[in-house]
file protein30.cif (mmCIF, N, CA, C and O atoms)
data_target
loop_
_atom_site.label_atom_id
_atom_site.label_comp_id
_atom_site.auth_asym_id
_atom_site.auth_seq_id
_atom_site.Cartn_x
_atom_site.Cartn_y
_atom_site.Cartn_z
N MET A 1 124.19 -10.97 62.70
CA MET A 1 123.13 -11.58 61.95
C MET A 1 121.92 -11.84 62.84
O MET A 1 120.81 -11.69 62.39
N ARG A 2 122.16 -12.22 64.09
CA ARG A 2 121.04 -12.47 65.00
C ARG A 2 120.21 -11.21 65.21
O ARG A 2 118.99 -11.27 65.27
N ALA A 3 120.88 -10.07 65.31
CA ALA A 3 120.16 -8.81 65.49
C ALA A 3 119.31 -8.52 64.27
O ALA A 3 118.17 -8.06 64.39
N LEU A 4 119.83 -8.81 63.08
CA LEU A 4 119.07 -8.60 61.85
C LEU A 4 117.83 -9.48 61.84
O LEU A 4 116.73 -9.02 61.51
N LEU A 5 117.98 -10.74 62.22
CA LEU A 5 116.84 -11.65 62.25
C LEU A 5 115.81 -11.21 63.28
O LEU A 5 114.62 -11.24 63.02
N ALA A 6 116.27 -10.82 64.45
CA ALA A 6 115.35 -10.37 65.49
C ALA A 6 114.60 -9.12 65.05
O ALA A 6 113.38 -9.01 65.24
N ALA A 7 115.30 -8.20 64.42
CA ALA A 7 114.66 -6.97 63.95
C ALA A 7 113.65 -7.27 62.85
O ALA A 7 112.55 -6.70 62.82
N THR A 8 113.99 -8.20 61.96
CA THR A 8 113.07 -8.58 60.89
C THR A 8 111.82 -9.22 61.47
O THR A 8 110.70 -8.88 61.08
N ALA A 9 112.01 -10.15 62.38
CA ALA A 9 110.86 -10.81 63.00
C ALA A 9 109.98 -9.81 63.73
O ALA A 9 108.75 -9.85 63.62
N LEU A 10 110.59 -8.90 64.45
CA LEU A 10 109.82 -7.89 65.17
C LEU A 10 109.05 -7.00 64.21
O LEU A 10 107.86 -6.70 64.43
N ALA A 11 109.68 -6.59 63.13
CA ALA A 11 109.00 -5.74 62.13
C ALA A 11 107.81 -6.47 61.53
O ALA A 11 106.74 -5.89 61.33
N ILE A 12 107.98 -7.75 61.24
CA ILE A 12 106.88 -8.53 60.67
C ILE A 12 105.74 -8.63 61.66
O ILE A 12 104.58 -8.44 61.31
N LEU A 13 106.08 -8.93 62.89
CA LEU A 13 105.03 -9.09 63.90
C LEU A 13 104.30 -7.79 64.17
O LEU A 13 103.10 -7.80 64.44
N LEU A 14 105.00 -6.67 64.09
CA LEU A 14 104.36 -5.39 64.38
C LEU A 14 103.63 -4.80 63.18
O LEU A 14 102.60 -4.16 63.34
N THR A 15 104.15 -5.00 61.97
CA THR A 15 103.56 -4.32 60.82
C THR A 15 103.09 -5.24 59.73
O THR A 15 102.23 -4.87 58.94
N GLY A 16 103.67 -6.41 59.61
CA GLY A 16 103.38 -7.27 58.47
C GLY A 16 103.99 -6.66 57.23
O GLY A 16 104.51 -5.55 57.24
N CYS A 17 104.00 -7.42 56.16
CA CYS A 17 104.47 -6.88 54.89
C CYS A 17 103.87 -7.69 53.77
O CYS A 17 103.48 -8.83 53.95
N GLY A 18 103.77 -7.08 52.61
CA GLY A 18 103.24 -7.78 51.46
C GLY A 18 104.25 -8.78 50.96
O GLY A 18 105.43 -8.67 51.19
N GLY A 19 103.80 -9.79 50.23
CA GLY A 19 104.68 -10.79 49.68
C GLY A 19 105.67 -10.23 48.70
O GLY A 19 106.67 -10.84 48.39
N ASP A 20 105.39 -9.04 48.20
CA ASP A 20 106.33 -8.41 47.26
C ASP A 20 107.26 -7.46 47.98
O ASP A 20 107.99 -6.70 47.36
N GLY A 21 107.25 -7.50 49.32
CA GLY A 21 108.14 -6.65 50.09
C GLY A 21 107.54 -5.29 50.41
O GLY A 21 108.13 -4.51 51.12
N SER A 22 106.36 -4.99 49.89
CA SER A 22 105.75 -3.69 50.15
C SER A 22 104.90 -3.77 51.41
O SER A 22 104.53 -4.84 51.86
N LYS A 23 104.58 -2.63 51.96
CA LYS A 23 103.71 -2.58 53.13
C LYS A 23 102.31 -2.13 52.73
O LYS A 23 101.49 -1.87 53.57
N GLU A 24 102.04 -2.07 51.43
CA GLU A 24 100.75 -1.58 50.97
C GLU A 24 99.66 -2.64 51.08
O GLU A 24 98.50 -2.31 51.15
N THR A 25 100.03 -3.91 51.06
CA THR A 25 99.05 -4.97 51.18
C THR A 25 99.48 -5.87 52.34
O THR A 25 100.04 -6.94 52.13
N PRO A 26 99.23 -5.42 53.57
CA PRO A 26 99.71 -6.17 54.72
C PRO A 26 99.10 -7.56 54.79
O PRO A 26 97.91 -7.75 54.53
N LEU A 27 99.91 -8.51 55.12
CA LEU A 27 99.46 -9.87 55.37
C LEU A 27 99.49 -10.12 56.86
O LEU A 27 100.15 -9.40 57.61
N ASP A 28 98.81 -11.12 57.26
CA ASP A 28 98.87 -11.55 58.64
C ASP A 28 100.33 -11.90 58.96
O ASP A 28 101.00 -12.57 58.17
N PRO A 29 100.86 -11.44 60.08
CA PRO A 29 102.26 -11.72 60.42
C PRO A 29 102.59 -13.21 60.45
O PRO A 29 103.67 -13.61 60.03
N VAL A 30 101.68 -14.02 60.93
CA VAL A 30 101.92 -15.46 60.98
C VAL A 30 102.03 -16.02 59.57
O VAL A 30 102.90 -16.84 59.28
N GLU A 31 101.15 -15.56 58.67
CA GLU A 31 101.20 -16.01 57.28
C GLU A 31 102.49 -15.54 56.60
O GLU A 31 103.10 -16.29 55.84
N THR A 32 102.88 -14.32 56.88
CA THR A 32 104.11 -13.78 56.29
C THR A 32 105.31 -14.58 56.75
O THR A 32 106.16 -14.97 55.94
N LEU A 33 105.40 -14.83 58.02
CA LEU A 33 106.51 -15.60 58.56
C LEU A 33 106.52 -17.02 57.98
O LEU A 33 107.58 -17.54 57.63
N ALA A 34 105.35 -17.63 57.86
CA ALA A 34 105.26 -18.97 57.28
C ALA A 34 105.73 -18.97 55.83
O ALA A 34 106.43 -19.90 55.39
N ALA A 35 105.37 -17.94 55.08
CA ALA A 35 105.80 -17.84 53.68
C ALA A 35 107.31 -17.66 53.59
O ALA A 35 107.97 -18.28 52.75
N MET A 36 107.85 -16.82 54.46
CA MET A 36 109.30 -16.62 54.48
C MET A 36 110.02 -17.92 54.82
O MET A 36 111.01 -18.27 54.17
N LEU A 37 109.52 -18.63 55.81
CA LEU A 37 110.14 -19.88 56.23
C LEU A 37 110.06 -20.93 55.12
O LEU A 37 111.03 -21.64 54.87
N ALA A 38 108.92 -21.01 54.45
CA ALA A 38 108.78 -21.98 53.36
C ALA A 38 109.80 -21.73 52.26
O ALA A 38 110.43 -22.66 51.75
N LEU A 39 109.97 -20.47 51.88
CA LEU A 39 110.96 -20.13 50.85
C LEU A 39 112.37 -20.46 51.32
O LEU A 39 113.18 -21.02 50.56
N ALA A 40 112.68 -20.12 52.56
CA ALA A 40 114.02 -20.36 53.09
C ALA A 40 114.31 -21.86 53.18
O ALA A 40 115.39 -22.31 52.79
N GLU A 41 113.35 -22.63 53.68
CA GLU A 41 113.56 -24.07 53.79
C GLU A 41 113.70 -24.73 52.42
O GLU A 41 114.45 -25.69 52.27
N ALA A 42 113.01 -24.19 51.43
CA ALA A 42 113.10 -24.73 50.07
C ALA A 42 114.38 -24.27 49.37
O ALA A 42 114.71 -24.77 48.29
N GLY A 43 115.07 -23.31 49.96
CA GLY A 43 116.28 -22.79 49.35
C GLY A 43 115.99 -21.87 48.17
O GLY A 43 116.85 -21.64 47.33
N ASP A 44 114.79 -21.33 48.12
CA ASP A 44 114.41 -20.42 47.04
C ASP A 44 114.81 -19.00 47.42
O ASP A 44 113.96 -18.14 47.71
N TRP A 45 116.10 -18.76 47.44
CA TRP A 45 116.62 -17.47 47.91
C TRP A 45 116.31 -16.35 46.93
O TRP A 45 116.23 -15.19 47.33
N GLU A 46 116.12 -16.68 45.66
CA GLU A 46 115.74 -15.64 44.70
C GLU A 46 114.38 -15.05 45.08
O GLU A 46 114.24 -13.83 45.17
N ALA A 47 113.40 -15.91 45.32
CA ALA A 47 112.07 -15.44 45.71
C ALA A 47 112.10 -14.78 47.08
O ALA A 47 111.40 -13.78 47.31
N TYR A 48 112.91 -15.30 47.98
CA TYR A 48 113.03 -14.72 49.31
C TYR A 48 113.57 -13.29 49.22
O TYR A 48 113.01 -12.36 49.81
N VAL A 49 114.64 -13.12 48.47
CA VAL A 49 115.23 -11.79 48.31
C VAL A 49 114.24 -10.85 47.62
O VAL A 49 114.05 -9.71 48.05
N ASP A 50 113.59 -11.32 46.57
CA ASP A 50 112.65 -10.47 45.83
C ASP A 50 111.45 -10.07 46.68
O ASP A 50 110.95 -8.95 46.56
N GLY A 51 110.99 -10.97 47.54
CA GLY A 51 109.78 -10.70 48.29
C GLY A 51 109.96 -10.15 49.69
O GLY A 51 109.10 -9.41 50.17
N TYR A 52 111.08 -10.48 50.33
CA TYR A 52 111.18 -10.16 51.75
C TYR A 52 112.47 -9.49 52.19
O TYR A 52 112.58 -9.09 53.34
N TYR A 53 113.44 -9.40 51.33
CA TYR A 53 114.71 -8.79 51.72
C TYR A 53 114.52 -7.29 51.87
O TYR A 53 114.18 -6.60 50.91
N GLY A 54 114.71 -6.78 53.08
CA GLY A 54 114.41 -5.39 53.40
C GLY A 54 115.27 -4.36 52.69
O GLY A 54 114.91 -3.20 52.61
N GLU A 55 116.39 -4.78 52.15
CA GLU A 55 117.29 -3.86 51.45
C GLU A 55 117.21 -4.04 49.94
O GLU A 55 118.09 -3.59 49.22
N SER A 56 116.16 -4.68 49.44
CA SER A 56 116.07 -4.99 48.01
C SER A 56 116.07 -3.73 47.14
O SER A 56 116.49 -3.79 45.99
N HIS A 57 115.68 -2.61 47.69
CA HIS A 57 115.69 -1.36 46.91
C HIS A 57 117.11 -0.94 46.54
O HIS A 57 117.31 -0.16 45.62
N LYS A 58 118.10 -1.49 47.24
CA LYS A 58 119.50 -1.18 46.94
C LYS A 58 120.08 -2.07 45.85
O LYS A 58 121.18 -1.83 45.39
N LEU A 59 119.34 -3.09 45.46
CA LEU A 59 119.83 -4.04 44.46
C LEU A 59 119.47 -3.51 43.08
O LEU A 59 118.52 -3.97 42.45
N THR A 60 120.24 -2.57 42.62
CA THR A 60 119.92 -1.83 41.39
C THR A 60 120.40 -2.50 40.12
O THR A 60 120.05 -2.04 39.03
N THR A 61 121.18 -3.56 40.24
CA THR A 61 121.63 -4.29 39.05
C THR A 61 121.45 -5.78 39.30
O THR A 61 121.42 -6.23 40.45
N PRO A 62 121.33 -6.56 38.23
CA PRO A 62 121.23 -8.01 38.41
C PRO A 62 122.43 -8.60 39.16
O PRO A 62 122.27 -9.54 39.94
N ASP A 63 123.62 -8.04 38.95
CA ASP A 63 124.80 -8.54 39.65
C ASP A 63 124.69 -8.35 41.16
O ASP A 63 125.08 -9.23 41.94
N LYS A 64 124.17 -7.21 41.59
CA LYS A 64 124.01 -6.96 43.03
C LYS A 64 123.00 -7.92 43.63
O LYS A 64 123.20 -8.44 44.72
N ARG A 65 121.90 -8.16 42.92
CA ARG A 65 120.89 -9.10 43.39
C ARG A 65 121.49 -10.49 43.50
O ARG A 65 121.30 -11.19 44.49
N GLU A 66 122.20 -10.92 42.48
CA GLU A 66 122.80 -12.25 42.48
C GLU A 66 123.82 -12.40 43.60
O GLU A 66 123.94 -13.47 44.19
N TYR A 67 124.54 -11.34 43.91
CA TYR A 67 125.50 -11.36 45.01
C TYR A 67 124.78 -11.65 46.33
O TYR A 67 125.20 -12.49 47.12
N VAL A 68 123.67 -10.94 46.57
CA VAL A 68 122.92 -11.13 47.82
C VAL A 68 122.31 -12.53 47.86
O VAL A 68 122.35 -13.20 48.89
N VAL A 69 121.76 -12.99 46.75
CA VAL A 69 121.20 -14.34 46.70
C VAL A 69 122.28 -15.36 47.02
O VAL A 69 122.06 -16.29 47.81
N ALA A 70 123.46 -15.18 46.45
CA ALA A 70 124.58 -16.10 46.72
C ALA A 70 124.98 -16.06 48.19
O ALA A 70 125.31 -17.10 48.78
N ARG A 71 124.97 -14.88 48.80
CA ARG A 71 125.31 -14.77 50.23
C ARG A 71 124.31 -15.54 51.09
O ARG A 71 124.69 -16.22 52.04
N PHE A 72 123.03 -15.42 50.75
CA PHE A 72 122.03 -16.20 51.49
C PHE A 72 122.32 -17.69 51.31
O PHE A 72 122.34 -18.44 52.28
N ARG A 73 122.52 -18.10 50.09
CA ARG A 73 122.71 -19.52 49.79
C ARG A 73 123.98 -20.06 50.45
O ARG A 73 123.95 -21.15 51.03
N GLU A 74 125.07 -19.34 50.38
CA GLU A 74 126.36 -19.85 50.81
C GLU A 74 126.72 -19.56 52.27
O GLU A 74 127.49 -20.30 52.87
N ARG A 75 126.18 -18.49 52.84
CA ARG A 75 126.63 -18.08 54.18
C ARG A 75 125.52 -17.96 55.21
O ARG A 75 125.75 -18.21 56.39
N TRP A 76 124.37 -17.49 54.80
CA TRP A 76 123.34 -17.13 55.78
C TRP A 76 122.20 -18.14 55.88
O TRP A 76 121.37 -18.04 56.80
N ALA A 77 122.11 -19.10 54.99
CA ALA A 77 120.94 -19.98 54.89
C ALA A 77 120.59 -20.65 56.22
O ALA A 77 119.44 -20.54 56.68
N GLU A 78 121.54 -21.34 56.82
CA GLU A 78 121.24 -22.07 58.05
C GLU A 78 120.77 -21.15 59.16
O GLU A 78 119.82 -21.46 59.88
N GLU A 79 121.44 -20.03 59.30
CA GLU A 79 121.08 -19.10 60.37
C GLU A 79 119.71 -18.46 60.12
O GLU A 79 118.92 -18.27 61.06
N VAL A 80 119.41 -18.13 58.88
CA VAL A 80 118.11 -17.54 58.55
C VAL A 80 117.00 -18.55 58.81
O VAL A 80 115.98 -18.22 59.44
N VAL A 81 117.19 -19.79 58.35
CA VAL A 81 116.16 -20.81 58.57
C VAL A 81 115.96 -21.03 60.07
O VAL A 81 114.82 -21.07 60.55
N ALA A 82 117.05 -21.14 60.82
CA ALA A 82 116.94 -21.33 62.26
C ALA A 82 116.23 -20.15 62.93
O ALA A 82 115.37 -20.34 63.80
N GLY A 83 116.55 -18.94 62.51
CA GLY A 83 115.89 -17.75 63.07
C GLY A 83 114.42 -17.69 62.75
O GLY A 83 113.60 -17.35 63.62
N LEU A 84 114.08 -18.04 61.53
CA LEU A 84 112.66 -18.03 61.14
C LEU A 84 111.89 -19.12 61.87
O LEU A 84 110.74 -18.92 62.27
N ARG A 85 112.52 -20.28 62.04
CA ARG A 85 111.86 -21.35 62.81
C ARG A 85 111.63 -20.90 64.25
O ARG A 85 110.56 -21.14 64.82
N ALA A 86 112.63 -20.27 64.83
CA ALA A 86 112.49 -19.78 66.21
C ALA A 86 111.39 -18.72 66.30
O ALA A 86 110.58 -18.74 67.23
N ALA A 87 111.35 -17.83 65.34
CA ALA A 87 110.31 -16.80 65.34
C ALA A 87 108.93 -17.42 65.16
O ALA A 87 107.95 -16.95 65.74
N SER A 88 108.85 -18.49 64.37
CA SER A 88 107.56 -19.17 64.16
C SER A 88 107.03 -19.82 65.43
O SER A 88 105.82 -20.01 65.56
N ALA A 89 107.92 -20.15 66.34
CA ALA A 89 107.52 -20.77 67.59
C ALA A 89 106.96 -19.78 68.60
O ALA A 89 106.34 -20.18 69.59
N VAL A 90 107.15 -18.48 68.35
CA VAL A 90 106.67 -17.45 69.27
C VAL A 90 105.19 -17.20 69.03
O VAL A 90 104.75 -17.08 67.90
N GLU A 91 104.43 -17.17 70.12
CA GLU A 91 103.00 -16.90 69.98
C GLU A 91 102.71 -15.45 70.19
O GLU A 91 103.33 -14.77 70.93
#

call {"tool": "encode", "arguments": {"input": "protein30.cif", "output": "structure tokens"}}
result
Amino acid sequence: MRALLAATALAILLTGCGGDGSKETPLDPVETLAAMLALAEAGDWEAYVDGYYGESHKLTTPDKREYVVARFRERWAEEVVAGLRAASAVE
């Protein structure tokens, strides 16, 4: 999971991404990371998955999406929030 977080943070810092997960409307990396962290801290995993989950194109059914949202909520939340906070501290 740490490698996933590090890769995500690096991708954001190098390329940025749109709030809808696309790269067509790049945002400032700092703003993107802040938006991701705000959603994660609020526990809004639905919006987080919809906007920033890099594998969202594989979520072809509502059940698959709900499964990933549940995984964030039940298993990955603390680690994701901690990783995003750590990434936010990097200048």

call {"tool": "resolve_selection", "arguments": {"input": "protein30.cif", "expression": "the PyMOL selection byres (((chain A and resi 48 and name CA) around 10) and name CA)", "output": "list of chain:residue names"}}
result
A:Gly19, A:Asp20, A:Gly21, A:Ala35, A:Met36, A:Leu37, A:Ala38, A:Leu39, A:Ala40, A:Gly43, A:Asp44, A:Trp45, A:Glu46, A:Ala47, A:Val49, A:Asp50, A:Gly51, A:Tyr52, A:Tyr53, A:Val69, A:Phe72

call {"tool": "closest_residue", "arguments": {"input": "protein30.cif", "among": "A:Glu66, A:Asp28, A:Glu78, A:Glu55", "to": "A:Ala42", "atoms": "only C-alpha atoms"}}
result
A:Glu78

call {"tool": "atom_distance", "arguments": {"input": "protein30.cif", "atom1": "atom O of A:Gly54", "atom2": "atom C of A:Val68"}}
result
12.8 Å

call {"tool": "atom_distance", "arguments": {"input": "protein30.cif", "atom1": "atom O of A:His57", "atom2": "atom O of A:Glu31"}}
result
23.8 Å

call {"tool": "atom_distance", "arguments": {"input": "protein30.cif", "atom1": "atom CA of A:Ala89", "atom2": "atom CA of A:Thr32"}}
result
13.7 Å

call {"tool": "axis_aligned_box", "arguments": {"input": "protein30.cif", "around": "stretch 45-60 of chain A", "padding_each_side": "8 Å", "output": "JSON"}}
result
{"center_x": 115.1, "center_y": -9.5, "center_z": 46.2, "size_x": 28.1, "size_y": 34.6, "size_z": 30.4}
